[in-house]
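One structure is given below, encoded as structure tokens.
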Amino acid sequence: MPSADQVQAAVGGQATHPREPHTGGIAERLNRLRAAVLGANDGIVSVAGIVIGVAGATSARGPIFTAGLAGLVGGAVSMALGEYVSVSSQRDSQRAQMAQEKRELATSPEAELTELTALYEAKGLSAAPARTVATELTSHGALAAHLDAELHIDPADIPSPVQAAAASAVSFTIGALLPLLAILLPPAAARVPVTFAAVLIALAVTGAVSARLGGSSIRRAVLRLVIGGALGLAFTYAVGHLFGTAIG
């Protein structure tokens, strides 16, 4: 039997085992952190490609800064808008499902209880225990019971579009600042090598963190990002150098 502390922890959404922090709240925080890391990675790659490409065409600091700043602002706005639209659509869909469930519970509570019983039977409970579980959960909160078992929705975890958009813009901006500063601060002769090195190191770090959070192979993630990033930077530099020279 679980202890009183374990039950209380489960009710509060806390870890019920010291070595297994697998509660929904922790999983949600890890997902948000992983999204922030990926957003920063997008900022690094996007702006690095822009400034390296422009640096291949000219060594003047002004055009490089202008292009990099435009890429930073445009990318942050695009990320924020995309996240806002995506999360708004998700939230609207969840709210519509919740409203529909409320109507069904109000108009046909017995049918909904039977449905909840069937859901628990489908999870492996026999008929009598499934009915008991469904009845007890319904008595504590019918809507919450159906949202969890039927729709897998927790009203407390419905995301905010504004917060998601802001987080996406901030993480992208933080990532984008690295290549922008790396290309502007060194002397002209060292700009491209320094930026290459800084970006590849940053990609290795974000790849390792993302893999760690996702439970996948760190080595594979780092190699994938570093090799892909190196090829992308080399390609954009070559394009900028060739077309910049041809147009100039």
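Naming scheme: A, B, ... for chains in displayed order of the structure tokens; residues 1 onward per chain; ligands 1 onward as shown.
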
Determine, counting only C-alpha atoms, which protein, DNA and RNA residues have an atom within 9 Å of an atom of stretch 79-91 of chain A; residues of the same chain fewer than 2 positions away are not included. Present the result as number ranges by chain.
A: 39, 74-77, 93-96, 158-170, 172

Same residues, all heavy atoms, output as a CSV table (one decimal), in the first residue's frame:
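Final output, saved to out16.csv:
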chain,number,residue,atom,x,y,z
A,39,GLY,N,14.8,26.1,-29.7
A,39,GLY,CA,14.6,27.4,-30.2
A,39,GLY,C,15.9,28.2,-30.3
A,39,GLY,O,16.2,28.9,-31.3
A,74,GLY,N,13.7,39.2,-37.6
A,74,GLY,CA,12.7,38.5,-38.4
A,74,GLY,C,12.5,37.1,-37.9
A,74,GLY,O,11.4,36.6,-37.8
A,75,GLY,N,13.6,36.4,-37.5
A,75,GLY,CA,13.4,35.1,-37.0
A,75,GLY,C,12.7,35.0,-35.7
A,75,GLY,O,11.8,34.1,-35.5
A,76,ALA,N,13.0,35.9,-34.8
A,76,ALA,CA,12.3,35.9,-33.5
A,76,ALA,C,10.8,36.2,-33.7
A,76,ALA,O,10.0,35.5,-33.0
A,76,ALA,CB,12.9,37.0,-32.6
A,77,VAL,N,10.5,37.1,-34.5
A,77,VAL,CA,9.1,37.5,-34.8
A,77,VAL,C,8.4,36.3,-35.4
A,77,VAL,O,7.2,35.9,-35.0
A,77,VAL,CB,8.9,38.7,-35.7
A,77,VAL,CG1,7.5,38.9,-36.1
A,77,VAL,CG2,9.4,39.9,-34.9
A,93,SER,N,-8.9,24.0,-29.4
A,93,SER,CA,-9.3,22.6,-29.6
A,93,SER,C,-9.6,22.0,-28.2
A,93,SER,O,-10.7,21.3,-28.0
A,93,SER,CB,-8.3,21.8,-30.3
A,93,SER,OG,-8.7,20.4,-30.4
A,94,GLN,N,-8.7,22.2,-27.2
A,94,GLN,CA,-8.9,21.6,-25.9
A,94,GLN,C,-10.1,22.2,-25.2
A,94,GLN,O,-10.9,21.5,-24.6
A,94,GLN,CB,-7.6,21.8,-25.1
A,94,GLN,CG,-6.5,20.9,-25.6
A,94,GLN,CD,-5.2,21.2,-24.8
A,94,GLN,OE1,-4.9,22.3,-24.3
A,94,GLN,NE2,-4.4,20.2,-24.6
A,95,ARG,N,-10.3,23.5,-25.3
A,95,ARG,CA,-11.4,24.1,-24.7
A,95,ARG,C,-12.7,23.6,-25.3
A,95,ARG,O,-13.7,23.5,-24.6
A,95,ARG,CB,-11.3,25.6,-24.8
A,95,ARG,CG,-10.2,26.2,-23.9
A,95,ARG,CD,-10.2,27.7,-24.0
A,95,ARG,NE,-9.3,28.3,-22.9
A,95,ARG,CZ,-9.0,29.6,-22.8
A,95,ARG,NH1,-9.5,30.4,-23.7
A,95,ARG,NH2,-8.2,30.0,-21.9
A,96,ALA,N,-12.7,23.4,-26.6
A,96,ALA,CA,-13.9,22.9,-27.3
A,96,ALA,C,-14.3,21.5,-26.8
A,96,ALA,O,-15.4,21.2,-26.6
A,96,ALA,CB,-13.7,22.9,-28.8
A,158,ILE,N,-3.1,23.5,-19.7
A,158,ILE,CA,-3.4,24.1,-21.0
A,158,ILE,C,-2.5,25.3,-21.2
A,158,ILE,O,-2.4,26.2,-20.4
A,158,ILE,CB,-4.9,24.6,-21.1
A,158,ILE,CG1,-5.8,23.3,-21.0
A,158,ILE,CG2,-5.1,25.4,-22.3
A,158,ILE,CD1,-7.3,23.7,-21.1
A,159,PRO,N,-1.7,25.3,-22.3
A,159,PRO,CA,-0.6,26.3,-22.4
A,159,PRO,C,-1.2,27.7,-22.8
A,159,PRO,O,-2.3,27.8,-23.3
A,159,PRO,CB,0.2,25.7,-23.6
A,159,PRO,CG,-0.7,24.9,-24.4
A,159,PRO,CD,-1.7,24.3,-23.4
A,160,SER,N,-0.4,28.7,-22.4
A,160,SER,CA,-0.8,30.1,-22.8
A,160,SER,C,-0.1,30.4,-24.1
A,160,SER,O,1.2,30.3,-24.2
A,160,SER,CB,-0.3,31.0,-21.7
A,160,SER,OG,-0.3,32.3,-22.1
A,161,PRO,N,-0.8,30.9,-25.1
A,161,PRO,CA,-0.2,31.3,-26.4
A,161,PRO,C,0.8,32.4,-26.2
A,161,PRO,O,1.9,32.4,-26.9
A,161,PRO,CB,-1.4,31.7,-27.2
A,161,PRO,CG,-2.5,31.0,-26.7
A,161,PRO,CD,-2.3,30.9,-25.2
A,162,VAL,N,0.5,33.4,-25.3
A,162,VAL,CA,1.4,34.5,-25.2
A,162,VAL,C,2.7,34.1,-24.5
A,162,VAL,O,3.8,34.5,-25.0
A,162,VAL,CB,0.7,35.6,-24.3
A,162,VAL,CG1,1.7,36.7,-24.0
A,162,VAL,CG2,-0.5,36.1,-25.0
A,163,GLN,N,2.6,33.2,-23.5
A,163,GLN,CA,3.8,32.7,-22.9
A,163,GLN,C,4.7,31.9,-23.8
A,163,GLN,O,5.9,32.0,-23.8
A,163,GLN,CB,3.5,31.9,-21.6
A,163,GLN,CG,2.9,32.8,-20.5
A,163,GLN,CD,2.5,31.9,-19.3
A,163,GLN,OE1,2.6,30.7,-19.3
A,163,GLN,NE2,2.1,32.6,-18.2
A,164,ALA,N,4.0,31.1,-24.6
A,164,ALA,CA,4.7,30.2,-25.5
A,164,ALA,C,5.4,31.1,-26.6
A,164,ALA,O,6.6,30.8,-27.0
A,164,ALA,CB,3.8,29.2,-26.2
A,165,ALA,N,4.7,32.1,-27.1
A,165,ALA,CA,5.3,33.0,-28.1
A,165,ALA,C,6.5,33.7,-27.5
A,165,ALA,O,7.5,33.8,-28.2
A,165,ALA,CB,4.2,33.9,-28.6
A,166,ALA,N,6.4,34.2,-26.3
A,166,ALA,CA,7.5,35.0,-25.7
A,166,ALA,C,8.7,34.1,-25.5
A,166,ALA,O,9.8,34.5,-25.7
A,166,ALA,CB,7.0,35.6,-24.4
A,167,ALA,N,8.4,32.9,-25.0
A,167,ALA,CA,9.5,32.0,-24.7
A,167,ALA,C,10.2,31.6,-26.0
A,167,ALA,O,11.5,31.5,-26.0
A,167,ALA,CB,9.0,30.7,-24.0
A,168,SER,N,9.5,31.4,-27.1
A,168,SER,CA,10.1,31.0,-28.3
A,168,SER,C,10.9,32.2,-28.9
A,168,SER,O,12.0,32.0,-29.4
A,168,SER,CB,9.0,30.7,-29.4
A,168,SER,OG,9.5,30.3,-30.6
A,169,ALA,N,10.4,33.4,-28.8
A,169,ALA,CA,11.2,34.6,-29.3
A,169,ALA,C,12.4,34.8,-28.5
A,169,ALA,O,13.5,35.1,-29.0
A,169,ALA,CB,10.3,35.8,-29.2
A,170,VAL,N,12.3,34.6,-27.1
A,170,VAL,CA,13.5,34.8,-26.3
A,170,VAL,C,14.6,33.8,-26.5
A,170,VAL,O,15.8,34.1,-26.7
A,170,VAL,CB,13.1,34.8,-24.8
A,170,VAL,CG1,14.3,34.8,-23.9
A,170,VAL,CG2,12.3,36.1,-24.5
A,172,PHE,N,15.1,32.0,-29.2
A,172,PHE,CA,15.7,32.3,-30.6
A,172,PHE,C,16.6,33.4,-30.5
A,172,PHE,O,17.7,33.3,-31.1
A,172,PHE,CB,14.5,32.6,-31.6
A,172,PHE,CG,15.0,32.8,-33.0
A,172,PHE,CD1,15.1,31.7,-33.9
A,172,PHE,CD2,15.5,34.0,-33.4
A,172,PHE,CE1,15.5,31.9,-35.2
A,172,PHE,CE2,15.9,34.2,-34.7
A,172,PHE,CZ,16.0,33.1,-35.6

Leaving out stretch 46-53 of chain A and any residue of its chain fewer than 3 positions from it, which residues lie within 6 Å of it when counting only C-alpha atoms, given as a list in words?
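Everything that qualifies: Asp42, Gly43, Gly56, Ile64, Gly68, Gly71, Ala176, Pro179, Leu233, Thr236, Tyr237 and Gly240 of chain A.
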
Select, from A:Ala40, A:Gly229, A:Leu137, A:Arg61, the residue with the minimum atom-to-atom distance to A:Leu185, counting only C-alpha atoms.
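Closest to A:Leu185 of all the choices is A:Arg61.
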
Determine which residues of stretch 16-219 of chain A DSSP labels as alpha helix (DSSP H) from the backbone of this structure, then write them out as a VMD selection string.
chain A and resid 24 to 57 61 to 107 109 to 122 127 to 146 161 to 184 191 to 214 218 to 219

Need to verify the contact set: A:Thr58, 8 Å, only C-alpha atoms, exclusion of same-chain residues closer than 3 positions in sequence. Can you return it as a ChimeraX atom specification?
/A:54-55,63-64,241,244

Compile the contact shell of A:Ala204 as a VMD selection string: residues with an atom at most 8 Å away, counting only C-alpha atoms, same-chain residues fewer than 4 positions apart removed.
chain A and resid 200 208 222 to 223 225 to 226

Tell me, in Å to one decimal, how far atom CA of A:Thr206 is from atom CA of A:Pro193.
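Computing it gives 20.0 Å between the two atoms.
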
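Comparing A:Leu125, A:Ala99, A:Thr138, A:Gly207 by their smallest distance to A:Glu112, the closest is A:Thr138 (using only C-alpha atoms).
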
Skip A:Thr135 itself and residues of its chain fewer than 5 positions away, then list as a PyMOL selection string all residues within 10 Å of it, counting only C-alpha atoms.
chain A and resi 113-114+116-117+129-130+140-142+145

Please produce a file of the residues just selected, as a PDB file, in the first residue's frame, where the atoms kept are all heavy atoms.
ATOM      1  N   LEU A 113     -20.938   7.768 -17.344  1.00  0.00           N
ATOM      2  CA  LEU A 113     -20.373   6.860 -16.349  1.00  0.00           C
ATOM      3  C   LEU A 113     -20.076   5.507 -16.979  1.00  0.00           C
ATOM      4  O   LEU A 113     -19.035   4.885 -16.711  1.00  0.00           O
ATOM      5  CB  LEU A 113     -21.332   6.706 -15.174  1.00  0.00           C
ATOM      6  CG  LEU A 113     -20.871   5.770 -14.047  1.00  0.00           C
ATOM      7  CD1 LEU A 113     -19.554   6.243 -13.446  1.00  0.00           C
ATOM      8  CD2 LEU A 113     -21.950   5.661 -12.976  1.00  0.00           C
ATOM      9  N   THR A 114     -20.995   5.047 -17.821  1.00  0.00           N
ATOM     10  CA  THR A 114     -20.775   3.785 -18.528  1.00  0.00           C
ATOM     11  C   THR A 114     -19.565   3.878 -19.445  1.00  0.00           C
ATOM     12  O   THR A 114     -18.757   2.942 -19.545  1.00  0.00           O
ATOM     13  CB  THR A 114     -22.024   3.416 -19.347  1.00  0.00           C
ATOM     14  OG1 THR A 114     -23.149   3.288 -18.468  1.00  0.00           O
ATOM     15  CG2 THR A 114     -21.813   2.116 -20.111  1.00  0.00           C
ATOM     16  N   LEU A 116     -16.966   5.859 -19.049  1.00  0.00           N
ATOM     17  CA  LEU A 116     -15.769   5.881 -18.216  1.00  0.00           C
ATOM     18  C   LEU A 116     -15.432   4.477 -17.727  1.00  0.00           C
ATOM     19  O   LEU A 116     -14.259   4.085 -17.679  1.00  0.00           O
ATOM     20  CB  LEU A 116     -15.966   6.829 -17.037  1.00  0.00           C
ATOM     21  CG  LEU A 116     -14.732   7.164 -16.190  1.00  0.00           C
ATOM     22  CD1 LEU A 116     -13.639   7.800 -17.035  1.00  0.00           C
ATOM     23  CD2 LEU A 116     -15.120   8.079 -15.036  1.00  0.00           C
ATOM     24  N   THR A 117     -16.455   3.711 -17.372  1.00  0.00           N
ATOM     25  CA  THR A 117     -16.247   2.323 -16.959  1.00  0.00           C
ATOM     26  C   THR A 117     -15.603   1.518 -18.084  1.00  0.00           C
ATOM     27  O   THR A 117     -14.659   0.749 -17.863  1.00  0.00           O
ATOM     28  CB  THR A 117     -17.586   1.673 -16.560  1.00  0.00           C
ATOM     29  OG1 THR A 117     -18.173   2.420 -15.489  1.00  0.00           O
ATOM     30  CG2 THR A 117     -17.377   0.231 -16.124  1.00  0.00           C
ATOM     31  N   PRO A 129     -14.465  -3.881 -10.749  1.00  0.00           N
ATOM     32  CA  PRO A 129     -13.522  -2.847 -10.312  1.00  0.00           C
ATOM     33  C   PRO A 129     -13.541  -1.602 -11.195  1.00  0.00           C
ATOM     34  O   PRO A 129     -13.392  -0.475 -10.716  1.00  0.00           O
ATOM     35  CB  PRO A 129     -12.165  -3.552 -10.377  1.00  0.00           C
ATOM     36  CG  PRO A 129     -12.478  -4.993 -10.252  1.00  0.00           C
ATOM     37  CD  PRO A 129     -13.781  -5.168 -10.959  1.00  0.00           C
ATOM     38  N   ALA A 130     -13.731  -1.804 -12.504  1.00  0.00           N
ATOM     39  CA  ALA A 130     -13.783  -0.663 -13.404  1.00  0.00           C
ATOM     40  C   ALA A 130     -14.962   0.238 -13.077  1.00  0.00           C
ATOM     41  O   ALA A 130     -14.842   1.472 -13.080  1.00  0.00           O
ATOM     42  CB  ALA A 130     -13.881  -1.147 -14.853  1.00  0.00           C
ATOM     43  N   HIS A 140     -15.675  12.396  -7.167  1.00  0.00           N
ATOM     44  CA  HIS A 140     -14.674  13.398  -6.801  1.00  0.00           C
ATOM     45  C   HIS A 140     -14.571  14.515  -7.841  1.00  0.00           C
ATOM     46  O   HIS A 140     -14.055  15.589  -7.552  1.00  0.00           O
ATOM     47  CB  HIS A 140     -13.304  12.741  -6.641  1.00  0.00           C
ATOM     48  CG  HIS A 140     -13.152  11.990  -5.355  1.00  0.00           C
ATOM     49  ND1 HIS A 140     -13.564  10.687  -5.211  1.00  0.00           N
ATOM     50  CD2 HIS A 140     -12.653  12.377  -4.154  1.00  0.00           C
ATOM     51  CE1 HIS A 140     -13.313  10.279  -3.974  1.00  0.00           C
ATOM     52  NE2 HIS A 140     -12.769  11.277  -3.305  1.00  0.00           N
ATOM     53  N   GLY A 141     -15.038  14.259  -9.035  1.00  0.00           N
ATOM     54  CA  GLY A 141     -14.965  15.266 -10.102  1.00  0.00           C
ATOM     55  C   GLY A 141     -15.175  14.604 -11.439  1.00  0.00           C
ATOM     56  O   GLY A 141     -14.208  14.101 -12.044  1.00  0.00           O
ATOM     57  N   ALA A 142     -16.395  14.609 -11.908  1.00  0.00           N
ATOM     58  CA  ALA A 142     -16.722  13.886 -13.139  1.00  0.00           C
ATOM     59  C   ALA A 142     -15.969  14.449 -14.338  1.00  0.00           C
ATOM     60  O   ALA A 142     -15.427  13.700 -15.161  1.00  0.00           O
ATOM     61  CB  ALA A 142     -18.226  13.944 -13.381  1.00  0.00           C
ATOM     62  N   ALA A 145     -12.285  13.520 -14.298  1.00  0.00           N
ATOM     63  CA  ALA A 145     -12.103  12.093 -14.573  1.00  0.00           C
ATOM     64  C   ALA A 145     -12.201  11.805 -16.061  1.00  0.00           C
ATOM     65  O   ALA A 145     -11.392  11.056 -16.621  1.00  0.00           O
ATOM     66  CB  ALA A 145     -13.146  11.282 -13.805  1.00  0.00           C
TER      67      ALA A 145
END

Atom-to-atom span, atom CA of A:Leu180 and atom CA of A:Ala67, Å:
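Calculated distance between atom CA of A:Leu180 and atom CA of A:Ala67 is 9.5 Å.
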
Please report the interatomic distance between atom CA of A:Ser108 and atom CA of A:Leu143 in Å with one decimal.
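One can read the atom CA of A:Ser108 to atom CA of A:Leu143 distance as 12.7 Å.
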